[in-house]
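Trainee: My structure is below; once you've seen it, I'll send some questions.
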Amino acid sequence: MARQPQRERNAKQRERQQRLRDRHKAERRPDRDDVARLLLAWSISAHLKEGRADRVHQLGDILVEKLVDQGFDERASYEVFDALVDRYRHDDSPFRRKVRL
């Protein structure tokens with residue numbers, strides 16, 4: 001059996017992915033980024049409320065180390081993490097409602 005041309009395979013993959021995204025949207029199913037975002041926010045907020053800034057710094061060091069291992073810039077990674085910590089420290093609800101749901 002002859003192999004499908006790359007363009008045809010890519011088109012079919014796009015269709016499958018779109019059906020999957022549509023199904024997840026209909027099911028109101030969170031994706032891994034939604035879960036990861038909430039877990040990080042909860043973790044940082046809980047440690048700050050408990051007065052455990054040392055744990056937040058420890059978490060930041062671990063996350064930045066992992067980001068650097070993936071090829072990200074260390075200084076930029078700390079800047080992003082610190083901005084998130086500031087946001088979670090000052091905002092009770094740092095996420096907007098997802099109106100598409």
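Just so we're on the same page: first chain in the structure tokens is A, next is B, and so on; residues restart at 1 for each chain, and ligands are numbered from 1 in the order they show up.
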Name the residues of chain A that come out as helix (DSSP H, G or I) in a backbone DSSP run; write them as a PyMOL selection string.

Mentor: chain A and resi 6-27+32-49+53-69+74-90

Trainee: Env of segment 47-56 of chain A: 12 Å cut, atoms = only C-alpha atoms, seq-sep filter 2 positions within chain, self excluded. Answer as JSON, numbers by chain.

Mentor: {"A": [40, 41, 42, 43, 44, 45, 58, 59, 60, 61, 62, 63, 81, 82, 84, 85, 86, 87, 88, 89, 90, 92]}
